[in-house]
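Following: one structure in structure tokens, then a few remarks.
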Amino acid sequence: MKDVCNVFYIRTLLGSSLTDLTIYVDCRGFIAEVKLGKEPLIGGYRVNDLTSSKLITLPGFIDIHAHLRDFELSYKEDLASGSSAAVSSGYTLVCDMPNTRPYIDNVEVVRRRVELARKHSYVDYGVYCGIPRSEKVLNELFTHRDLYVGFKIYPEDIWSKYDLIKYLLSKYEGLVLVHAELPEYVSRDSMHDLSLRYIDRPSWNELTVMKMLYSINGKAKLHLTHSTHPTSPYYCRRLNITVDTTPAYFTLSSDDVMDCWRKANPPIPDPATRTLILHNVLSGLYDAVVSDHAPHSPYEKRLDWRVCPSGLAMIEVTSRILITLFAKGLLDHKLLLKYLCSGPARILGIESSFGCLSKGYRASFTVIDISKEGVIKLRYSRAGKSGFEGLRYRGEVIKTIVGGEVVYDSGEVILKPNTLIISGLANVVKG
């Protein structure tokens, strides 16, 4: 077969049945052909046989919301450590938030970030831009859409940059992620203790913010990220807004928040809300489940809870929680793929080339062994702890393939792949 550089024998789920496939991978790292069964091979192909009875191969996982830090915040995490953590958990594409130092809100810094990712990322990579300080810079960013996957709106932007947000939503046809909390609730001092922060920052904020942005939206694709209100999936569906949540909000509750390792923004909800969000997840109401990986140094997390930074290091946790729900029969195969593969690809607008085991798609796969069990412990992130230490999980990531190359194998990151940069221009990737 012309231009084929690699062949994989895999066993995957088609419907409810385990099926063997032969996947031919071209030299660009995309799937050239898929055949049923294990085809006899003629020629000198490099063959990877992943059809052990215990292994299931899925499309490579995608995380559309992670903070990989680096730049002046590399003491918290850098692209190498964060992407190593990602690939060890089955992720093959990660999209990075702009609240770094320096802030990613202009063409020069975006270029620096992209070049850093090419050199150091073990996964395919996309980056969001923050809302800049002027219309001129925003227009410059519009002319370089091949560098980023979308924009991110933070609570502090909502009133201070309202006119720029309105301009963005009137001109930009791409993805806009929203951290939907009203700034007046975010900035005020907490009137309760750490476990009750959800009272000071009520989750209905996100409904108010999304209604407001919807009312001024013109062309953008709005997306509510890390949702904590149980009715948001229903509300957003009516407005044609996509929505995700993170395992921190359907696995933990305020009763579990005892120290800064579990301090998050938005805050961890009360037990009843946690149960409702879990019900939403198991019912398939979200468009994706993200990690919101937000690592900080152990020193910072040991500070008093009033001043320690918010965020949980979740990229080595999230996929394992979802795989556990699948292994226990609580989450079906289609929903697992929706939350980790096809859903994130659709949100990014790259669903015709990522998130599926079909011809023309990126040859990125996650291989799991459902029979294996383990206990959550961070191995690659510089954060040291996730807040989920000791949680047992079922179903281990054995191998992660990025663009036809085995990058992670049986506990070790073994290869730096040819990282692709994913952009906000549909189906555009850059080697």
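Residues in the structure tokens are numbered from 1 in each chain, the chains being A, B, ... in the order shown, and ligands are numbered from 1 in the order shown.
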Residues near segment 105-115 of chain A, cut-off 12 Å, only C-alpha atoms, skip fewer than 3 positions along chain, as a CSV table (one decimal) with N, CA and C atoms, in the first residue's frame:
```csv
chain,number,residue,atom,x,y,z
A,68,LEU,N,-1.1,24.0,31.3
A,68,LEU,CA,0.2,23.4,31.2
A,68,LEU,C,1.3,24.3,31.7
A,69,ARG,N,0.9,25.6,32.1
A,69,ARG,CA,1.8,26.5,32.8
A,69,ARG,C,3.0,26.9,31.9
A,70,ASP,N,4.2,26.5,32.3
A,70,ASP,CA,5.5,26.9,31.6
A,70,ASP,C,5.7,28.4,31.6
A,71,PHE,N,6.5,28.9,30.7
A,71,PHE,CA,7.0,30.3,30.7
A,71,PHE,C,7.5,30.6,32.1
A,78,ASP,N,5.6,22.4,33.3
A,78,ASP,CA,6.0,22.9,32.0
A,78,ASP,C,5.4,22.0,30.9
A,79,LEU,N,5.6,22.3,29.7
A,79,LEU,CA,5.0,21.6,28.6
A,79,LEU,C,5.4,20.1,28.6
A,95,CYS,N,-5.5,20.9,24.8
A,95,CYS,CA,-5.6,22.3,24.5
A,95,CYS,C,-5.4,23.1,25.8
A,96,ASP,N,-4.5,24.1,25.7
A,96,ASP,CA,-3.9,24.8,26.8
A,96,ASP,C,-4.5,26.2,27.0
A,97,MET,N,-4.7,26.5,28.3
A,97,MET,CA,-5.3,27.8,28.7
A,97,MET,C,-4.3,29.0,28.6
A,98,PRO,N,-4.8,30.2,28.4
A,98,PRO,CA,-3.9,31.3,28.2
A,98,PRO,C,-3.4,32.1,29.4
A,99,ASN,N,-3.9,31.7,30.6
A,99,ASN,CA,-3.5,32.5,31.8
A,99,ASN,C,-2.2,32.1,32.4
A,100,THR,N,-1.2,32.2,31.5
A,100,THR,CA,0.2,32.0,31.9
A,100,THR,C,0.9,33.3,32.2
A,101,ARG,N,2.2,33.3,32.4
A,101,ARG,CA,2.9,34.5,32.6
A,101,ARG,C,4.1,34.5,31.7
A,102,PRO,N,4.2,35.3,30.7
A,102,PRO,CA,3.2,36.3,30.2
A,102,PRO,C,1.9,35.7,29.7
A,118,ARG,N,6.0,22.7,19.9
A,118,ARG,CA,6.6,21.8,18.9
A,118,ARG,C,7.9,21.1,19.5
A,119,LYS,N,8.6,21.8,20.3
A,119,LYS,CA,9.9,21.3,20.8
A,119,LYS,C,9.7,20.3,22.0
A,120,HIS,N,8.6,20.6,22.8
A,120,HIS,CA,8.6,19.9,24.1
A,120,HIS,C,7.3,19.1,24.4
A,121,SER,N,6.3,19.2,23.6
A,121,SER,CA,5.0,18.5,23.9
A,121,SER,C,5.1,17.1,23.4
A,124,ASP,N,-0.2,16.1,20.6
A,124,ASP,CA,-0.7,17.2,19.7
A,124,ASP,C,-1.2,18.3,20.6
A,125,TYR,N,-1.2,19.5,20.1
A,125,TYR,CA,-1.3,20.7,21.0
A,125,TYR,C,-2.1,21.8,20.3
A,126,GLY,N,-3.0,22.4,21.2
A,126,GLY,CA,-3.7,23.6,20.8
A,126,GLY,C,-3.7,24.5,21.9
A,127,VAL,N,-3.8,25.8,21.6
A,127,VAL,CA,-3.7,26.8,22.7
A,127,VAL,C,-4.8,27.9,22.5
A,128,TYR,N,-5.4,28.4,23.6
A,128,TYR,CA,-6.4,29.4,23.5
A,128,TYR,C,-5.7,30.8,23.7
A,129,CYS,N,-6.3,31.8,23.2
A,129,CYS,CA,-5.9,33.2,23.5
A,129,CYS,C,-6.8,33.8,24.5
A,130,GLY,N,-6.2,34.6,25.4
A,130,GLY,CA,-7.0,35.4,26.3
A,130,GLY,C,-7.6,36.6,25.6
A,131,ILE,N,-8.5,37.3,26.2
A,131,ILE,CA,-9.1,38.5,25.6
A,131,ILE,C,-8.0,39.6,25.8
A,132,PRO,N,-7.5,40.2,24.6
A,132,PRO,CA,-6.5,41.2,24.7
A,132,PRO,C,-7.0,42.6,25.2
A,133,ARG,N,-6.1,43.5,25.3
A,133,ARG,CA,-6.5,44.8,25.9
A,133,ARG,C,-7.0,45.8,24.8
A,134,SER,N,-6.9,45.5,23.6
A,134,SER,CA,-7.4,46.5,22.6
A,134,SER,C,-7.9,45.8,21.3
A,135,GLU,N,-8.8,46.5,20.6
A,135,GLU,CA,-9.4,46.0,19.4
A,135,GLU,C,-8.3,45.8,18.3
A,136,LYS,N,-7.3,46.6,18.3
A,136,LYS,CA,-6.2,46.4,17.4
A,136,LYS,C,-5.5,45.1,17.5
A,137,VAL,N,-5.2,44.7,18.7
A,137,VAL,CA,-4.5,43.4,19.0
A,137,VAL,C,-5.5,42.3,18.6
A,138,LEU,N,-6.8,42.5,18.9
A,138,LEU,CA,-7.7,41.4,18.6
A,138,LEU,C,-7.8,41.2,17.1
A,139,ASN,N,-7.8,42.3,16.3
A,139,ASN,CA,-7.8,42.2,14.9
A,139,ASN,C,-6.5,41.5,14.3
A,140,GLU,N,-5.4,41.8,15.0
A,140,GLU,CA,-4.1,41.1,14.6
A,140,GLU,C,-4.3,39.6,14.8
A,141,LEU,N,-4.9,39.2,16.0
A,141,LEU,CA,-5.1,37.8,16.3
A,141,LEU,C,-6.0,37.1,15.2
A,142,PHE,N,-7.0,37.9,14.8
A,142,PHE,CA,-7.9,37.3,13.8
A,142,PHE,C,-7.2,36.9,12.5
A,143,THR,N,-6.1,37.6,12.2
A,143,THR,CA,-5.3,37.3,11.0
A,143,THR,C,-4.3,36.1,11.1
A,144,HIS,N,-4.3,35.6,12.3
A,144,HIS,CA,-3.3,34.5,12.6
A,144,HIS,C,-4.1,33.3,13.2
A,145,ARG,N,-5.2,33.0,12.7
A,145,ARG,CA,-6.1,31.9,13.3
A,145,ARG,C,-5.4,30.5,13.2
A,146,ASP,N,-4.4,30.4,12.4
A,146,ASP,CA,-3.7,29.1,12.3
A,146,ASP,C,-2.9,28.8,13.5
A,147,LEU,N,-2.8,29.7,14.5
A,147,LEU,CA,-1.9,29.6,15.6
A,147,LEU,C,-2.7,29.1,16.9
A,148,TYR,N,-4.0,29.2,16.9
A,148,TYR,CA,-4.7,28.9,18.2
A,148,TYR,C,-6.1,28.3,17.9
A,149,VAL,N,-6.6,27.7,18.9
A,149,VAL,CA,-7.9,27.0,18.7
A,149,VAL,C,-9.1,27.8,19.0
A,150,GLY,N,-8.9,28.9,19.8
A,150,GLY,CA,-10.1,29.7,20.1
A,150,GLY,C,-9.7,30.7,21.2
A,151,PHE,N,-10.7,31.3,21.8
A,151,PHE,CA,-10.5,32.3,22.9
A,151,PHE,C,-11.1,31.8,24.2
A,152,LYS,N,-10.6,32.4,25.3
A,152,LYS,CA,-11.1,32.0,26.6
A,152,LYS,C,-11.5,33.3,27.3
A,153,ILE,N,-12.7,33.3,27.8
A,153,ILE,CA,-13.2,34.4,28.6
A,153,ILE,C,-13.2,34.0,30.1
A,419,THR,N,4.8,16.6,16.9
A,419,THR,CA,3.7,17.3,17.5
A,419,THR,C,3.0,18.1,16.4
A,420,LEU,N,1.7,18.0,16.3
A,420,LEU,CA,0.9,18.8,15.4
A,420,LEU,C,0.3,19.9,16.2
A,421,ILE,N,0.2,21.1,15.6
A,421,ILE,CA,-0.4,22.3,16.2
A,421,ILE,C,-1.8,22.4,15.6
A,422,ILE,N,-2.8,22.3,16.5
A,422,ILE,CA,-4.2,22.4,16.1
A,422,ILE,C,-4.7,23.8,16.1
A,423,SER,N,-5.4,24.2,15.1
A,423,SER,CA,-5.8,25.6,15.0
A,423,SER,C,-7.3,25.8,14.9
A,430,LYS,N,-0.8,21.8,11.7
A,430,LYS,CA,0.5,22.2,11.3
A,430,LYS,C,1.6,21.3,11.9
A,431,GLY,N,2.4,20.7,11.1
A,431,GLY,CA,3.5,19.8,11.6
A,431,GLY,C,4.6,20.5,12.2
```
Please produce, as CSV, a per-residue contact table for segment 44-114 of chain A versus segment 15-22 of chain A (criterion: any atom at most 12 Å away, only C-alpha atoms considered), showing the nearest atom pair and its distance in Å to one decimal, sorted by chain then residue number.
```
residue,atom,partner,partner_atom,distance
A:Val47,CA,A:Thr22,CA,9.8
A:Asn48,CA,A:Thr22,CA,9.9
A:Asp49,CA,A:Thr22,CA,9.3
A:Leu50,CA,A:Asp20,CA,9.3
A:Thr51,CA,A:Asp20,CA,7.0
A:Ser52,CA,A:Asp20,CA,10.2
A:Ser53,CA,A:Leu18,CA,9.6
A:Lys54,CA,A:Leu18,CA,10.8
A:Leu55,CA,A:Leu18,CA,10.0
A:Ile56,CA,A:Leu18,CA,8.0
A:Thr57,CA,A:Asp20,CA,9.8
A:Leu58,CA,A:Leu18,CA,11.3
```
request  = Would you kindly return, as an NGL selection string, each protein, DNA or RNA residue with an atom no farther than 8 Å from any atom of segment 338-353 of chain A, considering only C-alpha atoms and excluding same-chain residues fewer than 4 positions away?
outcome  = :A and (59-64 or 149 or 175 or 223 or 242 or 286-290 or 319 or 334 or 360-362 or 424 or 426-427)
Go ahead and save the residues from that selection, with C-alpha atoms, as an mmCIF file, in the first residue's frame.
```cif
data_model
loop_
_atom_site.group_PDB
_atom_site.id
_atom_site.type_symbol
_atom_site.label_atom_id
_atom_site.label_comp_id
_atom_site.auth_asym_id
_atom_site.auth_seq_id
_atom_site.Cartn_x
_atom_site.Cartn_y
_atom_site.Cartn_z
ATOM 1 C CA PRO A 59 -9.381 6.679 19.589
ATOM 2 C CA GLY A 60 -6.821 8.912 21.295
ATOM 3 C CA PHE A 61 -8.289 10.933 24.157
ATOM 4 C CA ILE A 62 -8.666 14.716 23.800
ATOM 5 C CA ASP A 63 -8.622 17.241 26.642
ATOM 6 C CA ILE A 64 -9.896 20.667 25.589
ATOM 7 C CA VAL A 149 -7.902 26.958 18.698
ATOM 8 C CA LEU A 175 -14.678 28.648 19.544
ATOM 9 C CA HIS A 223 -18.788 26.797 25.125
ATOM 10 C CA THR A 242 -21.889 23.277 24.236
ATOM 11 C CA TYR A 286 -22.449 16.908 28.567
ATOM 12 C CA ASP A 287 -20.573 17.415 25.310
ATOM 13 C CA ALA A 288 -17.222 16.515 26.893
ATOM 14 C CA VAL A 289 -15.553 15.826 30.224
ATOM 15 C CA VAL A 290 -12.344 17.813 30.717
ATOM 16 C CA SER A 319 -9.500 9.577 32.124
ATOM 17 C CA LYS A 334 -20.588 5.338 23.387
ATOM 18 C CA GLY A 360 -8.279 10.071 7.046
ATOM 19 C CA TYR A 361 -8.198 10.531 10.814
ATOM 20 C CA ARG A 362 -5.154 11.188 12.969
ATOM 21 C CA GLY A 424 -9.211 27.331 14.998
ATOM 22 C CA ALA A 426 -11.479 23.761 10.838
ATOM 23 C CA ASN A 427 -9.365 20.716 10.048
#
```
Would you mind listing what lies within 7 Å of segment 198-209 of chain A as a compact mmCIF listing (two decimals) with N, CA and C atoms, in the first residue's frame, with only C-alpha atoms counted and same-chain residues fewer than 4 positions away left out?
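What follows is the written file part-v4.txt:
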```txt
# COMPACT_ATOMS: atom_id res chain seq x y z
N ALA A 180 -17.69 30.79 33.44
CA ALA A 180 -18.89 31.61 33.63
C ALA A 180 -19.20 31.85 35.10
N GLU A 181 -18.47 32.79 35.68
CA GLU A 181 -18.81 33.30 37.00
C GLU A 181 -18.80 34.82 36.93
N LEU A 182 -19.71 35.45 37.66
CA LEU A 182 -19.73 36.90 37.71
C LEU A 182 -18.58 37.41 38.56
N TYR A 185 -18.79 38.17 42.39
CA TYR A 185 -18.77 37.06 43.34
C TYR A 185 -17.37 36.46 43.48
N VAL A 186 -16.62 36.49 42.40
CA VAL A 186 -15.27 35.92 42.40
C VAL A 186 -14.32 36.76 43.25
N SER A 190 -14.23 35.60 51.01
CA SER A 190 -15.10 34.51 51.42
C SER A 190 -15.67 34.78 52.80
N MET A 191 -17.00 34.55 52.94
CA MET A 191 -17.65 34.74 54.22
C MET A 191 -17.80 33.41 54.97
N LEU A 213 -24.02 36.41 27.54
CA LEU A 213 -23.17 36.27 26.36
C LEU A 213 -23.98 35.82 25.14
N THR A 228 -20.80 23.70 36.92
CA THR A 228 -21.13 23.18 38.25
C THR A 228 -22.60 23.31 38.60
N HIS A 229 -23.42 23.80 37.67
CA HIS A 229 -24.85 23.89 37.95
C HIS A 229 -25.56 22.75 37.24
N SER A 232 -27.42 23.39 33.85
CA SER A 232 -26.72 24.02 32.73
C SER A 232 -26.77 23.22 31.43
N PRO A 267 -15.92 26.56 42.89
CA PRO A 267 -15.72 25.69 44.06
C PRO A 267 -16.40 24.32 43.90
N ILE A 268 -15.87 23.33 44.64
CA ILE A 268 -16.48 22.02 44.72
C ILE A 268 -17.88 22.17 45.32
N PRO A 269 -18.90 21.55 44.71
CA PRO A 269 -20.29 21.78 45.15
C PRO A 269 -20.68 20.94 46.38
```
request  = List every residue of segment 254-325 of chain A that DSSP, applied to the backbone, labels as alpha helix (DSSP H), and write the result as a PyMOL selection string.
outcome  = chain A and resi 271-282+298-301+318-325
Please produce a file of those selected residues containing N, CA and C atoms, as a PDB file, in the first residue's frame.
```pdb
ATOM      1  N   PRO A 271     -22.994  18.063  48.451  1.00  0.00           N
ATOM      2  CA  PRO A 271     -23.233  16.659  48.072  1.00  0.00           C
ATOM      3  C   PRO A 271     -24.415  16.456  47.138  1.00  0.00           C
ATOM      4  N   ALA A 272     -25.508  17.168  47.346  1.00  0.00           N
ATOM      5  CA  ALA A 272     -26.681  16.990  46.485  1.00  0.00           C
ATOM      6  C   ALA A 272     -26.376  17.410  45.047  1.00  0.00           C
ATOM      7  N   THR A 273     -25.678  18.521  44.883  1.00  0.00           N
ATOM      8  CA  THR A 273     -25.316  18.981  43.540  1.00  0.00           C
ATOM      9  C   THR A 273     -24.351  18.006  42.881  1.00  0.00           C
ATOM     10  N   ARG A 274     -23.392  17.483  43.655  1.00  0.00           N
ATOM     11  CA  ARG A 274     -22.476  16.486  43.127  1.00  0.00           C
ATOM     12  C   ARG A 274     -23.239  15.298  42.554  1.00  0.00           C
ATOM     13  N   THR A 275     -24.248  14.842  43.276  1.00  0.00           N
ATOM     14  CA  THR A 275     -25.040  13.697  42.825  1.00  0.00           C
ATOM     15  C   THR A 275     -25.787  14.010  41.538  1.00  0.00           C
ATOM     16  N   LEU A 276     -26.320  15.212  41.435  1.00  0.00           N
ATOM     17  CA  LEU A 276     -27.049  15.609  40.223  1.00  0.00           C
ATOM     18  C   LEU A 276     -26.116  15.723  39.017  1.00  0.00           C
ATOM     19  N   ILE A 277     -24.904  16.243  39.230  1.00  0.00           N
ATOM     20  CA  ILE A 277     -23.942  16.337  38.130  1.00  0.00           C
ATOM     21  C   ILE A 277     -23.527  14.943  37.672  1.00  0.00           C
ATOM     22  N   LEU A 278     -23.305  14.029  38.618  1.00  0.00           N
ATOM     23  CA  LEU A 278     -22.988  12.649  38.251  1.00  0.00           C
ATOM     24  C   LEU A 278     -24.129  12.029  37.449  1.00  0.00           C
ATOM     25  N   HIS A 279     -25.351  12.279  37.851  1.00  0.00           N
ATOM     26  CA  HIS A 279     -26.504  11.778  37.082  1.00  0.00           C
ATOM     27  C   HIS A 279     -26.472  12.325  35.660  1.00  0.00           C
ATOM     28  N   ASN A 280     -26.150  13.620  35.517  1.00  0.00           N
ATOM     29  CA  ASN A 280     -26.038  14.213  34.176  1.00  0.00           C
ATOM     30  C   ASN A 280     -24.970  13.520  33.339  1.00  0.00           C
ATOM     31  N   VAL A 281     -23.829  13.232  33.975  1.00  0.00           N
ATOM     32  CA  VAL A 281     -22.730  12.569  33.264  1.00  0.00           C
ATOM     33  C   VAL A 281     -23.165  11.195  32.779  1.00  0.00           C
ATOM     34  N   LEU A 282     -23.745  10.414  33.663  1.00  0.00           N
ATOM     35  CA  LEU A 282     -24.151   9.053  33.307  1.00  0.00           C
ATOM     36  C   LEU A 282     -25.303   9.047  32.304  1.00  0.00           C
ATOM     37  N   PRO A 298       3.800  22.252  45.433  1.00  0.00           N
ATOM     38  CA  PRO A 298       3.426  21.806  46.784  1.00  0.00           C
ATOM     39  C   PRO A 298       3.532  22.919  47.818  1.00  0.00           C
ATOM     40  N   TYR A 299       4.541  23.779  47.682  1.00  0.00           N
ATOM     41  CA  TYR A 299       4.687  24.903  48.627  1.00  0.00           C
ATOM     42  C   TYR A 299       3.445  25.788  48.600  1.00  0.00           C
ATOM     43  N   GLU A 300       2.962  26.136  47.417  1.00  0.00           N
ATOM     44  CA  GLU A 300       1.795  27.011  47.307  1.00  0.00           C
ATOM     45  C   GLU A 300       0.552  26.361  47.904  1.00  0.00           C
ATOM     46  N   LYS A 301       0.415  25.059  47.687  1.00  0.00           N
ATOM     47  CA  LYS A 301      -0.773  24.360  48.170  1.00  0.00           C
ATOM     48  C   LYS A 301      -0.755  24.157  49.690  1.00  0.00           C
ATOM     49  N   THR A 318      -8.453  12.258  35.407  1.00  0.00           N
ATOM     50  CA  THR A 318      -9.742  12.347  34.720  1.00  0.00           C
ATOM     51  C   THR A 318     -10.075  11.121  33.885  1.00  0.00           C
ATOM     52  N   SER A 319      -9.188  10.715  32.982  1.00  0.00           N
ATOM     53  CA  SER A 319      -9.500   9.577  32.124  1.00  0.00           C
ATOM     54  C   SER A 319      -9.653   8.303  32.948  1.00  0.00           C
ATOM     55  N   ARG A 320      -8.893   8.183  34.020  1.00  0.00           N
ATOM     56  CA  ARG A 320      -8.985   6.975  34.850  1.00  0.00           C
ATOM     57  C   ARG A 320     -10.334   6.883  35.563  1.00  0.00           C
ATOM     58  N   ILE A 321     -10.880   8.010  35.979  1.00  0.00           N
ATOM     59  CA  ILE A 321     -12.212   8.000  36.594  1.00  0.00           C
ATOM     60  C   ILE A 321     -13.268   7.591  35.576  1.00  0.00           C
ATOM     61  N   LEU A 322     -13.186   8.129  34.364  1.00  0.00           N
ATOM     62  CA  LEU A 322     -14.170   7.776  33.335  1.00  0.00           C
ATOM     63  C   LEU A 322     -14.035   6.315  32.909  1.00  0.00           C
ATOM     64  N   ILE A 323     -12.805   5.838  32.760  1.00  0.00           N
ATOM     65  CA  ILE A 323     -12.599   4.428  32.401  1.00  0.00           C
ATOM     66  C   ILE A 323     -13.143   3.523  33.503  1.00  0.00           C
ATOM     67  N   THR A 324     -12.988   3.931  34.773  1.00  0.00           N
ATOM     68  CA  THR A 324     -13.519   3.153  35.886  1.00  0.00           C
ATOM     69  C   THR A 324     -15.039   3.060  35.811  1.00  0.00           C
ATOM     70  N   LEU A 325     -15.700   4.171  35.510  1.00  0.00           N
ATOM     71  CA  LEU A 325     -17.163   4.145  35.353  1.00  0.00           C
ATOM     72  C   LEU A 325     -17.568   3.205  34.223  1.00  0.00           C
TER      73      LEU A 325
END
```
List the spatial neighbours of Arg394 of chain A as a CSV table (one decimal) with C-alpha atoms, in the first residue's frame - criterion: any atom at most 7 Å away, only C-alpha atoms, same-chain residues fewer than 6 positions off excluded.
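What follows is the written file result.csv:
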```
chain,number,residue,atom,x,y,z
A,323,ILE,CA,-12.6,4.4,32.4
A,324,THR,CA,-13.5,3.2,35.9
A,327,ALA,CA,-15.4,-0.8,33.5
A,370,ILE,CA,-9.8,-3.2,31.7
A,372,LYS,CA,-5.9,-3.9,35.6
A,373,GLU,CA,-6.5,-1.9,38.8
A,374,GLY,CA,-4.5,0.8,40.5
```
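Checking A:Leu168, A:Ile376, A:Ile23, A:Leu196 one by one against Ser253 of chain A, counting only C-alpha atoms, you find the shortest gap at A:Leu196.
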inquiry  = With only C-alpha atoms as the counted atoms, please give the residues lying no more than 9 Å from Val413 of chain A, apart from itself and same-chain residues fewer than 3 positions off, as number ranges by chain.
reply    = A: 84, 87-88, 122, 406-410, 416
Could you write out the selected residues, including N, CA and C atoms, as an mmCIF file, in the first residue's frame?
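Writing the result to out28.cif gives the following:
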```
data_model
loop_
_atom_site.group_PDB
_atom_site.id
_atom_site.type_symbol
_atom_site.label_atom_id
_atom_site.label_comp_id
_atom_site.auth_asym_id
_atom_site.auth_seq_id
_atom_site.Cartn_x
_atom_site.Cartn_y
_atom_site.Cartn_z
ATOM 1 N N SER A 84 3.676 14.936 29.338
ATOM 2 C CA SER A 84 4.019 13.572 29.760
ATOM 3 C C SER A 84 2.913 13.000 30.639
ATOM 4 N N VAL A 87 -0.019 12.128 28.236
ATOM 5 C CA VAL A 87 0.130 10.940 27.397
ATOM 6 C C VAL A 87 0.119 9.668 28.247
ATOM 7 N N SER A 88 0.557 9.765 29.494
ATOM 8 C CA SER A 88 0.509 8.604 30.382
ATOM 9 C C SER A 88 -0.920 8.241 30.766
ATOM 10 N N TYR A 122 4.616 16.166 24.206
ATOM 11 C CA TYR A 122 4.517 14.752 23.836
ATOM 12 C C TYR A 122 3.145 14.413 23.249
ATOM 13 N N VAL A 406 4.325 5.070 18.973
ATOM 14 C CA VAL A 406 4.093 4.695 20.366
ATOM 15 C C VAL A 406 4.903 5.641 21.253
ATOM 16 N N VAL A 407 4.194 6.523 21.943
ATOM 17 C CA VAL A 407 4.846 7.540 22.768
ATOM 18 C C VAL A 407 4.929 7.101 24.229
ATOM 19 N N TYR A 408 3.901 6.386 24.678
ATOM 20 C CA TYR A 408 3.868 5.893 26.059
ATOM 21 C C TYR A 408 3.642 4.390 26.028
ATOM 22 N N ASP A 409 4.453 3.646 26.801
ATOM 23 C CA ASP A 409 4.369 2.189 26.766
ATOM 24 C C ASP A 409 4.649 1.618 28.148
ATOM 25 N N SER A 410 3.616 1.002 28.741
ATOM 26 C CA SER A 410 3.754 0.250 29.992
ATOM 27 C C SER A 410 4.470 1.033 31.091
ATOM 28 N N LYS A 416 9.404 11.250 21.709
ATOM 29 C CA LYS A 416 8.818 12.558 21.391
ATOM 30 C C LYS A 416 8.255 12.488 19.969
#
```
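All residues of protein, DNA or RNA that reach within 7 Å of segment 305-314 of chain A, judged by only C-alpha atoms and not counting those fewer than 3 positions away in the chain, are Leu194, Asp259, Cys260, Trp261, Arg262, Lys263, Ala264, Asn265, Ser291, Asp292, His293, Ala294, Pro295, Glu300, Lys301, Val317, Thr318, Ala383, Ser386 and Gly387 of chain A.
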Output file for the residues above (C-alpha atoms, as a PDB file, in the first residue's frame):
```pdb
ATOM      1  CA  LEU A 194     -12.960  26.489  52.746  1.00  0.00           C
ATOM      2  CA  ASP A 259      -7.379  21.582  52.610  1.00  0.00           C
ATOM      3  CA  CYS A 260      -5.981  23.497  49.638  1.00  0.00           C
ATOM      4  CA  TRP A 261      -5.332  20.356  47.607  1.00  0.00           C
ATOM      5  CA  ARG A 262      -9.075  20.354  46.883  1.00  0.00           C
ATOM      6  CA  LYS A 263      -9.602  24.092  46.544  1.00  0.00           C
ATOM      7  CA  ALA A 264     -10.950  24.743  43.043  1.00  0.00           C
ATOM      8  CA  ASN A 265     -12.588  27.461  40.963  1.00  0.00           C
ATOM      9  CA  SER A 291      -9.545  17.679  33.251  1.00  0.00           C
ATOM     10  CA  ASP A 292      -9.165  21.408  33.995  1.00  0.00           C
ATOM     11  CA  HIS A 293      -5.642  20.315  34.964  1.00  0.00           C
ATOM     12  CA  ALA A 294      -4.446  23.206  37.143  1.00  0.00           C
ATOM     13  CA  PRO A 295      -1.142  22.299  38.848  1.00  0.00           C
ATOM     14  CA  GLU A 300       1.795  27.011  47.307  1.00  0.00           C
ATOM     15  CA  LYS A 301      -0.773  24.360  48.170  1.00  0.00           C
ATOM     16  CA  VAL A 317      -6.928  11.442  37.119  1.00  0.00           C
ATOM     17  CA  THR A 318      -9.742  12.347  34.720  1.00  0.00           C
ATOM     18  CA  ALA A 383       2.177  19.300  41.312  1.00  0.00           C
ATOM     19  CA  SER A 386      -3.948  15.776  42.790  1.00  0.00           C
ATOM     20  CA  GLY A 387      -6.337  15.686  45.741  1.00  0.00           C
TER      21      GLY A 387
END
```
query = From the list A:Val34, A:Ser358, A:Tyr249, A:Ile104, which residue is nearest Tyr9 of chain A when using only C-alpha atoms?
reply = A:Val34
inquiry  = Report, in Å with one decimal, the straight-line distance from atom CA of Val176 of chain A to atom CA of Lys221 of chain A.
reply    =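 Atom CA of Lys221 of chain A lies at a distance of 5.9 Å from atom CA of Val176 of chain A.
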note = Computed gap from atom CA of Leu331 of chain A to atom CA of Glu389 of chain A is 22.6 Å
task = Work out how far atom CA of Pro155 of chain A is from atom CA of Val94 of chain A, in Å to one decimal.
result =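 Calculated distance between atom CA of Val94 of chain A and atom CA of Pro155 of chain A is 22.8 Å.
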inquiry  = Give me, as a list in words, the residues of segment 216-377 of chain A that a backbone DSSP run labels strand (DSSP E or B).
reply    =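 Listing strand (DSSP E or B) positions across segment 216-377 of chain A yields Lys221, Leu222, His223, Leu224, Thr242, Val243, Asp244, Thr245, Ala288, Val289, His293, Arg362, Phe365, Thr366, Val367, Ile368, Asp369, Ile370, Ser371, Lys372, Glu373, Gly374 and Val375 of chain A.
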